[in-house]
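J.: Below is one structure. I have some questions about it.
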Amino acid sequence: MTAEANSGGARRFLLSAQGWPYLLTPFIPLAIVLEVAHADAVLIFFVAALGIVPTAALMGLATEELAAKSGPGIGGLLNVTFGNAPELIIALIALNAGLQEVVKASIVGSIIGNILLVLGASMLVGGLKHQRQTFNPQAATIQATMLFLAAGALVMPAIFELVEGQGLPSPTAEAVDYDSTVENLSLAVAIVLIGTYLAGLWFSLRTHKDLFNPPYAEEHEEGFGWSVRRAVIYLFVAGIAVGLMSEVLVGSISEASESIGLSQFFVGVIVVAIVGNAAEHWVAILVAYKNKMDLAVNIAIGSSAQIALFVAPVLVIASFFIGVGPMPLVFNGFELGAILIAILVAQVITNDGESNWFEGVQLLALYAILGIAFFYA
Amino acid sequence: MTAEANSGGARRFLLSAQGWPYLLTPFIPLAIVLEVAHADAVLIFFVAALGIVPTAALMGLATEELAAKSGPGIGGLLNVTFGNAPELIIALIALNAGLQEVVKASIVGSIIGNILLVLGASMLVGGLKHQRQTFNPQAATIQATMLFLAAGALVMPAIFELVEGQGLPSPTAEAVDYDSTVENLSLAVAIVLIGTYLAGLWFSLRTHKDLFNPPYAEEHEEGFGWSVRRAVIYLFVAGIAVGLMSEVLVGSISEASESIGLSQFFVGVIVVAIVGNAAEHWVAILVAYKNKMDLAVNIAIGSSAQIALFVAPVLVIASFFIGVGPMPLVFNGFELGAILIAILVAQVITNDGESNWFEGVQLLALYAILGIAFFYA
Amino acid sequence: MTAEANSGGARRFLLSAQGWPYLLTPFIPLAIVLEVAHADAVLIFFVAALGIVPTAALMGLATEELAAKSGPGIGGLLNVTFGNAPELIIALIALNAGLQEVVKASIVGSIIGNILLVLGASMLVGGLKHQRQTFNPQAATIQATMLFLAAGALVMPAIFELVEGQGLPSPTAEAVDYDSTVENLSLAVAIVLIGTYLAGLWFSLRTHKDLFNPPYAEEHEEGFGWSVRRAVIYLFVAGIAVGLMSEVLVGSISEASESIGLSQFFVGVIVVAIVGNAAEHWVAILVAYKNKMDLAVNIAIGSSAQIALFVAPVLVIASFFIGVGPMPLVFNGFELGAILIAILVAQVITNDGESNWFEGVQLLALYAILGIAFFYA
């Protein structure tokens with residue numbers, strides 16, 4: 001990875017828990033070659049999906065190196081801000097391509113994926129090794145409460161459409177043209193969410209920072225010691241690479257999903273939602289195995305709160321400037337049901353500050369049930 | 001306020017946290033003058049709304065003076081019973097005028113206003129001064145559970161209408177004529193709610209009274225020492241004044257809301273819901289600032305539980321005798337979504353017995369989101 | 001009951017808290033006589049309902065005797081597996097008769113009956129004797145979480161029908177013919193539920209058995225000392241008797257409900273759901289009175305979790321082989337509302353590990369409210 005590292009160190013890094021994503025690096029040029037050669041869409045789609053994993057991992061690594069150089073305050077801010085940058089980039093490119101229903105599906109998929117798949121796998125893997133794991137319920141509760149706030153925000157536009165408008169979108173739609181009332185409603189709600197998100201940053205980085213473990217900090221006590229300049233360049237390059245892979249991925253979604261016989265909705269809510277998070281998910285499971293449940297819960301629940309309170313409203317605002325027109329946060333019935341159930345479960349699971357393997361199984365089972373329903377949608 | 005008080009004491013009282021509502025007293029005669037002079041409806045509406053504040057505050061004060069003379073048992077009963085009397089009087093007069101959708105909107109507005117606006121402002125103001133505030137989660141949980149019971153009661157008639165009847169009312173309706181089945185269903189549910197409310201009084205005033213702080217008691221250890229006779233007369237006069245102001249307010253709602261361009265639904269759920277509670281809201285914020293969070297939570301959650309379990313069913317029963325006919329508790333989609341989200345949030349926020357300023361911000365943000373949705377309804 | 005028992009011991013047993021169900025034994029032959037004589041359907045229905053009570057009680061007793069002989073591991077498994085056998089037998093026979101809406105109503109009725117009626121009565125009776133009762137909130141939380149998982153599973157097929165299909169079934173339907181997509185969806189969900197249930201057995205009987213009290217064990221430390229052979233024979237005979245009574249009961253449902261003027265839905269959700277559990281319900285109230293709240297909560301919440309995660313999916317799978325065709329888990333609006341409210345309440349009530357008489361009243365009041373809504377459905 002780095003010039004200084006001798007070949008033995010590089011091999012060791014690549015085979016470590018942190019390094020494996022970079023083994024997928026060859027998929028990046030391969031995706032570009034296939035795209036240029038107009039290969040089969042299904043092939044392009046999966047190669048590009050694999051290619052996103054190392055670019056997202058590199059973004060995460062560069063962010064941490066930069067954060068390590070910036071002191072806890074700014075460092076925490078950087079970590080939090082760029083934490084979901086890959087998802088945001090993928091969604092922005094899909095939005096620009098007019099795939100609004102895929103974008104909304106990937107928002108929902110990220111929220112439920114973090115709560116059910118990531119936290120479930122963490123609790124299962126951690127619980128198989130440790131009889132009983134504990135974490136600070138207070139920090140978890142604050143984040144679970146943010147999800148309830150988000151629930152209100154994500155549900156009200158749908159209620160508006162049910163009461164006054166044209167009903168909820170069909171899961172098979174690509175993009176729906178709404179009237180301007182619900183677009184304005186969504187915009188206003190998005191602004192309130194971002195304001196609350198900023199207040200939450202102030203809270204967790206300033207007035208009550210002792211409540212939260214600095215994410216990842218424990219895992220990288222030493223880091224690689226990159227210079228600020230190097231970290232910024234890597235962050236920039238990784239961002240470009242995420243964008244490039246996303247272009248290829250998004251360009252092949254329609255044809256690929258048709259060929260495999262899956263709906264674009266399913267591809268968005270399950271596949272797209274997983275690839276941008278893959279590296280991060282792995283970290284959560286790893287720290288759970290090491291019995292650092294506070295960190296695992298923080299990654300999973302914090303990440304889904306960030307998607308709901310920051311990524312989703314940014315996408316709504318962006319939709320006024322790019323793509324096929326404003327995208328109000330009107331979710332379809334499956335998405336609404338899934339979000340509400342997942343948020344309730346997040347609260348129930350975190351509120352006692354304890355976990356065991358069976359709680360993990362239950363979360364994974366719920367993810368499977370939602371996945372089955374999405375498959376038939 | 002009182003003849004004994006010398007002019008300096010009166011000035012001090014009026015400028016105190018408890019006394020400011022009485023500064024609005026001049027709006028009472030002004031509202032009457034404007035009403036008689038057939039002034040602009042918008043002007044009448046806002047002057048009458050301001051005029052309700054001191055009358056409601058006087059009802060509260062007279063109740064406490066009477067309670068102080070009656071010993072803890074009867075005193076607690078008086079406090080609880082007359083605690084939401086202004087809201088009840090306003091709603092009865094609107095019911096009599098046939099504005100059933102405004103009445104239901106004001107019920108919902110009182111429930112979510114207490115949980116989100118009052119508790120949110122209390123937690124924000126208290127949390128800005130104190131790093132971390134605590135309260136007894138047990139008493140709060142009992143009241144939050146009452147809200148879940150209420151949720152079942154407030155949702156079932158709507159489910160009935162969705163499954164068997166004519167659907168939910170439109171937010172723009174004034175009053176809807178339902179068939180007698182759902183009217184009987186609502187009546188039966190109302191009777192169960194009132195029975196549970198009475199059992200709850202027995203519980204909190206008799207068998208488990210140590211669980212609850214006597215509301216307000218700490219704030220008025222001395223009081224003004226009114227005689228029972230004086231307190232009863234003031235209570236009676238204040239009740240008449242609330243009724244008078246409500247008549248003026250209700251009489252101007254239709255025209256005023258049309259002139260401003262707001263729906264009657266919005267006026268009912270936001271404006272009407274706030275004016276009857278203004279004095280009480282202020283007390284909750286004040287005690288939170290003084291770090292008496294038990295009392296603040298008790299006022300906010302207890303008040304919304306009382307609206308749901310006592311005021312709402314009393315209005316259903318009253319509707320069989322006054323106004324345009326029985327008013328079943330069939331809420332519109334916005335109201336149902338708002339109640340359910342608010343009740344869930346109340347449980348999540350209170351269940352750990354701790355609060356901080358960011359929890360306050362989150363509650364206020366949710367109130368803003370609901371308000372935005374109501375505005376566009 | 002047993003040949004060894006002298007007549008005095010038998011009388012004492014029959015009049016004890018455990019023995020009273022056997023006083024209803026004469027209703028078993030009476031039901032058969034009335035059935036053969038083609039008596040009035042209403043009479044047959046109620047006599048058969050009373051006749052089920054002793055047969056279900058005998059199944060419970062024989063299971064415990066068998067479990068006592070089998071050591072804690074297998075014994076626990078037997079207790080859990082046969083714990084809801086009577087309900088399962090009744091439902092299978094109704095399924096075979098084509099009464100799918102009655103079957104689904106009885107599933108819902110068992111879930112809400114355990115949470116609201118059984119736990120409510122236990123908390124009320126226990127709380128009237130003891131000021132404050134405590135139980136282990138951890139075990140209760142694990143079971144409440146299972147109910148949230150079940151909520152997801154029970155709601156998704158309904159969302160599918162609302163979004164893509166023909167809407168929810170009417171409460172007055174007898175059986176609805178769904179298209180094969182929702183049938184496959186329900187089958188897949190049922191398989192996930194059963195898998196989770198089996199994992200839960202492994203959890204509670206193997207890896208974390210210290211978390212749970214062995215159900216009933218404390219009540220029957222000595223038991224009757226039946227031989228394995230005798231216990232198996234009694235279990236077998238009791239199972240046959242439950243089936244026989246169920247045949248008579250199910251055969252009279254249509255005509256009886258019409259004669260009394262109740263819907264089949266109401267009969268299924270209230271009456272059928274109660275009779276199969278009557279003996280068990282009594283035990284829960286009894287142990288609550290003796291201040292063993294852990295056991296009471298375990299019976300009530302554990303039983304409803306078992307219905308949702310085991311009995312319901314087994315019935316779905318069975319419907320592919322018997323009766324009028326596959327029965328997907330598409331519930332009507334009343335059933336969905338009732339399940340969701342009851343599950344939320346179960347979590348709120350159990351999560352603090354304390355109870356008092358007023359919590360019992362609240363649960364019973366909610367059961368009454370749901371019952372009123374079902375009555376008017």
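Every chain in the structure tokens has a letter given in the order shown (A, B, ...), and although residue numbers restart at 1 in each chain, ligands are simply numbered from 1 in the order shown.
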Would you give me, as CSV, each residue of chain C having an atom within 9 Å of an atom of chain B, along with its shortest atom pair and that distance in Å to one decimal, using only C-alpha atoms and sorting by chain and residue number?

T.:
```
residue,atom,partner,partner_atom,distance
C:Gln131,CA,B:His208,CA,8.0
C:Leu168,CA,B:Val163,CA,8.6
C:Ser170,CA,B:Val163,CA,7.3
C:Pro171,CA,B:Val163,CA,8.4
C:Asn332,CA,B:Val163,CA,8.2
C:Gly333,CA,B:Ile159,CA,6.4
C:Phe334,CA,B:Ile159,CA,6.4
C:Gly337,CA,B:Met156,CA,7.4
C:Ala338,CA,B:Gly152,CA,7.8
C:Ile341,CA,B:Gly152,CA,6.3
C:Ala342,CA,B:Gly152,CA,8.7
C:Leu344,CA,B:Phe148,CA,7.9
C:Val345,CA,B:Phe148,CA,6.6
C:Val348,CA,B:Thr145,CA,6.7
C:Ile349,CA,B:Thr145,CA,7.2
C:Asn351,CA,B:Asn351,CA,9.0
C:Asp352,CA,B:Gln138,CA,7.9
C:Glu354,CA,B:Gln138,CA,8.9
C:Trp357,CA,B:Phe203,CA,8.4
C:Phe358,CA,B:Phe203,CA,6.6
C:Glu359,CA,B:Ile142,CA,7.5
C:Val361,CA,B:Thr196,CA,7.0
C:Gln362,CA,B:Thr196,CA,6.7
C:Leu363,CA,B:Leu149,CA,7.7
C:Ala365,CA,B:Val192,CA,6.4
C:Leu366,CA,B:Leu149,CA,5.8
C:Ala368,CA,B:Val192,CA,7.5
C:Ile369,CA,B:Val189,CA,5.7
C:Leu370,CA,B:Met156,CA,7.4
C:Ile372,CA,B:Leu185,CA,6.8
C:Ala373,CA,B:Met156,CA,6.4
C:Phe375,CA,B:Leu185,CA,8.8
C:Tyr376,CA,B:Leu185,CA,6.8
C:Ala377,CA,B:Phe160,CA,6.8
```

J.: Could you list, as a PyMOL selection string, every residue within 9 Å of region 122-127 of chain B, counting only C-alpha atoms and ignoring same-chain residues fewer than 6 positions away?

T.: chain B and resi 133+281-282+284-293+296-297+355-361+363-364

J.: Now that the selection is made, can you save its residues with N, CA, C and O atoms as a compact mmCIF listing (two decimals), in the first residue's frame?

T.:
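Wrote it out as again-v1.txt, contents follow:
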```txt
# COMPACT_ATOMS: atom_id res chain seq x y z
N GLN B 133 -29.41 15.99 33.66
CA GLN B 133 -30.50 16.07 34.64
C GLN B 133 -31.13 14.69 34.81
O GLN B 133 -31.23 13.93 33.85
N HIS B 281 -47.21 25.52 30.64
CA HIS B 281 -45.97 25.26 29.91
C HIS B 281 -44.82 26.02 30.54
O HIS B 281 -43.73 25.51 30.72
N TRP B 282 -45.09 27.27 30.86
CA TRP B 282 -44.06 28.11 31.42
C TRP B 282 -43.54 27.56 32.73
O TRP B 282 -42.33 27.55 32.99
N ALA B 284 -43.42 24.43 33.62
CA ALA B 284 -42.58 23.25 33.36
C ALA B 284 -41.17 23.67 32.99
O ALA B 284 -40.18 23.11 33.48
N ILE B 285 -41.05 24.69 32.15
CA ILE B 285 -39.73 25.14 31.73
C ILE B 285 -38.98 25.74 32.91
O ILE B 285 -37.79 25.50 33.12
N LEU B 286 -39.72 26.51 33.73
CA LEU B 286 -39.12 27.14 34.90
C LEU B 286 -38.55 26.12 35.88
O LEU B 286 -37.42 26.24 36.35
N VAL B 287 -39.33 25.06 36.18
CA VAL B 287 -38.84 24.07 37.15
C VAL B 287 -37.69 23.26 36.56
O VAL B 287 -36.79 22.83 37.28
N ALA B 288 -37.70 23.07 35.24
CA ALA B 288 -36.57 22.38 34.61
C ALA B 288 -35.30 23.20 34.77
O ALA B 288 -34.22 22.67 35.05
N TYR B 289 -35.43 24.51 34.62
CA TYR B 289 -34.30 25.40 34.79
C TYR B 289 -33.75 25.31 36.22
O TYR B 289 -32.55 25.37 36.44
N LYS B 290 -34.69 25.12 37.17
CA LYS B 290 -34.28 24.96 38.57
C LYS B 290 -33.85 23.53 38.90
O LYS B 290 -33.73 23.16 40.06
N ASN B 291 -33.70 22.70 37.86
CA ASN B 291 -33.23 21.32 37.99
C ASN B 291 -34.21 20.40 38.72
O ASN B 291 -33.82 19.38 39.28
N LYS B 292 -35.49 20.77 38.73
CA LYS B 292 -36.51 19.86 39.28
C LYS B 292 -37.17 19.11 38.12
O LYS B 292 -38.34 19.33 37.79
N MET B 293 -36.37 18.20 37.49
CA MET B 293 -36.88 17.53 36.30
C MET B 293 -38.05 16.61 36.58
O MET B 293 -38.90 16.39 35.72
N ALA B 296 -41.03 18.69 36.08
CA ALA B 296 -41.21 19.07 34.68
C ALA B 296 -41.76 17.90 33.86
O ALA B 296 -42.70 18.05 33.07
N VAL B 297 -41.16 16.71 34.06
CA VAL B 297 -41.62 15.53 33.33
C VAL B 297 -43.05 15.19 33.73
O VAL B 297 -43.88 14.85 32.89
N SER B 355 -31.83 13.30 31.20
CA SER B 355 -32.04 14.15 30.03
C SER B 355 -30.86 15.09 29.86
O SER B 355 -30.06 15.30 30.77
N ASN B 356 -30.74 15.66 28.66
CA ASN B 356 -29.70 16.65 28.37
C ASN B 356 -30.25 17.58 27.29
O ASN B 356 -31.33 17.35 26.75
N TRP B 357 -29.50 18.63 26.97
CA TRP B 357 -30.05 19.63 26.06
C TRP B 357 -30.35 19.06 24.68
O TRP B 357 -31.29 19.49 24.00
N PHE B 358 -29.57 18.07 24.24
CA PHE B 358 -29.78 17.57 22.88
C PHE B 358 -31.08 16.77 22.77
O PHE B 358 -31.74 16.79 21.73
N GLU B 359 -31.46 16.07 23.84
CA GLU B 359 -32.77 15.41 23.83
C GLU B 359 -33.86 16.46 23.66
O GLU B 359 -34.85 16.24 22.96
N GLY B 360 -33.69 17.61 24.31
CA GLY B 360 -34.65 18.70 24.13
C GLY B 360 -34.71 19.17 22.69
O GLY B 360 -35.79 19.37 22.14
N VAL B 361 -33.53 19.34 22.08
CA VAL B 361 -33.49 19.76 20.67
C VAL B 361 -34.21 18.75 19.79
O VAL B 361 -34.98 19.11 18.88
N LEU B 363 -36.66 16.69 20.57
CA LEU B 363 -38.11 16.78 20.74
C LEU B 363 -38.66 18.00 20.00
O LEU B 363 -39.69 17.92 19.32
N LEU B 364 -37.97 19.13 20.12
CA LEU B 364 -38.44 20.34 19.44
C LEU B 364 -38.37 20.17 17.92
O LEU B 364 -39.24 20.63 17.19
```

J.: Per DSSP on the backbone, what are the helix (DSSP H, G or I) residues of region 284-371 of chain C, as number ranges by chain?

T.: C: 284-289, 293-318, 333-350, 357-371

J.: Calculate how many Å separate CA of Leu340 (chain B) from CA of Ala312 (chain B), rounding to one decimal.

T.: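 For CA of Leu340 (chain B) relative to CA of Ala312 (chain B), the distance reads 15.9 Å.
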
J.: Using only C-alpha atoms, pick whichever of A:Ala105, A:Leu211, A:Val232, A:Ala279 has the shortest atom-to-atom distance to Ala67 (chain A).

T.: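 Of the candidates, the smallest distance to Ala67 (chain A) is held by A:Val232.
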
J.: Please measure the separation of CA of Val242 (chain C) and CA of Gly120 (chain C), giving the value in Å to one decimal.

T.: 26.8 Å

J.: How many Å separate CA of Asp210 (chain A) from CA of Asn277 (chain A)?

T.: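 Going from CA of Asp210 (chain A) over to CA of Asn277 (chain A), I get 26.6 Å.
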
J.: Determine the nearest neighbour of Gly323 (chain A) from the options A:Leu77, A:Ala308, A:Leu14, A:Ala94, counting only C-alpha atoms.

T.: A:Ala94
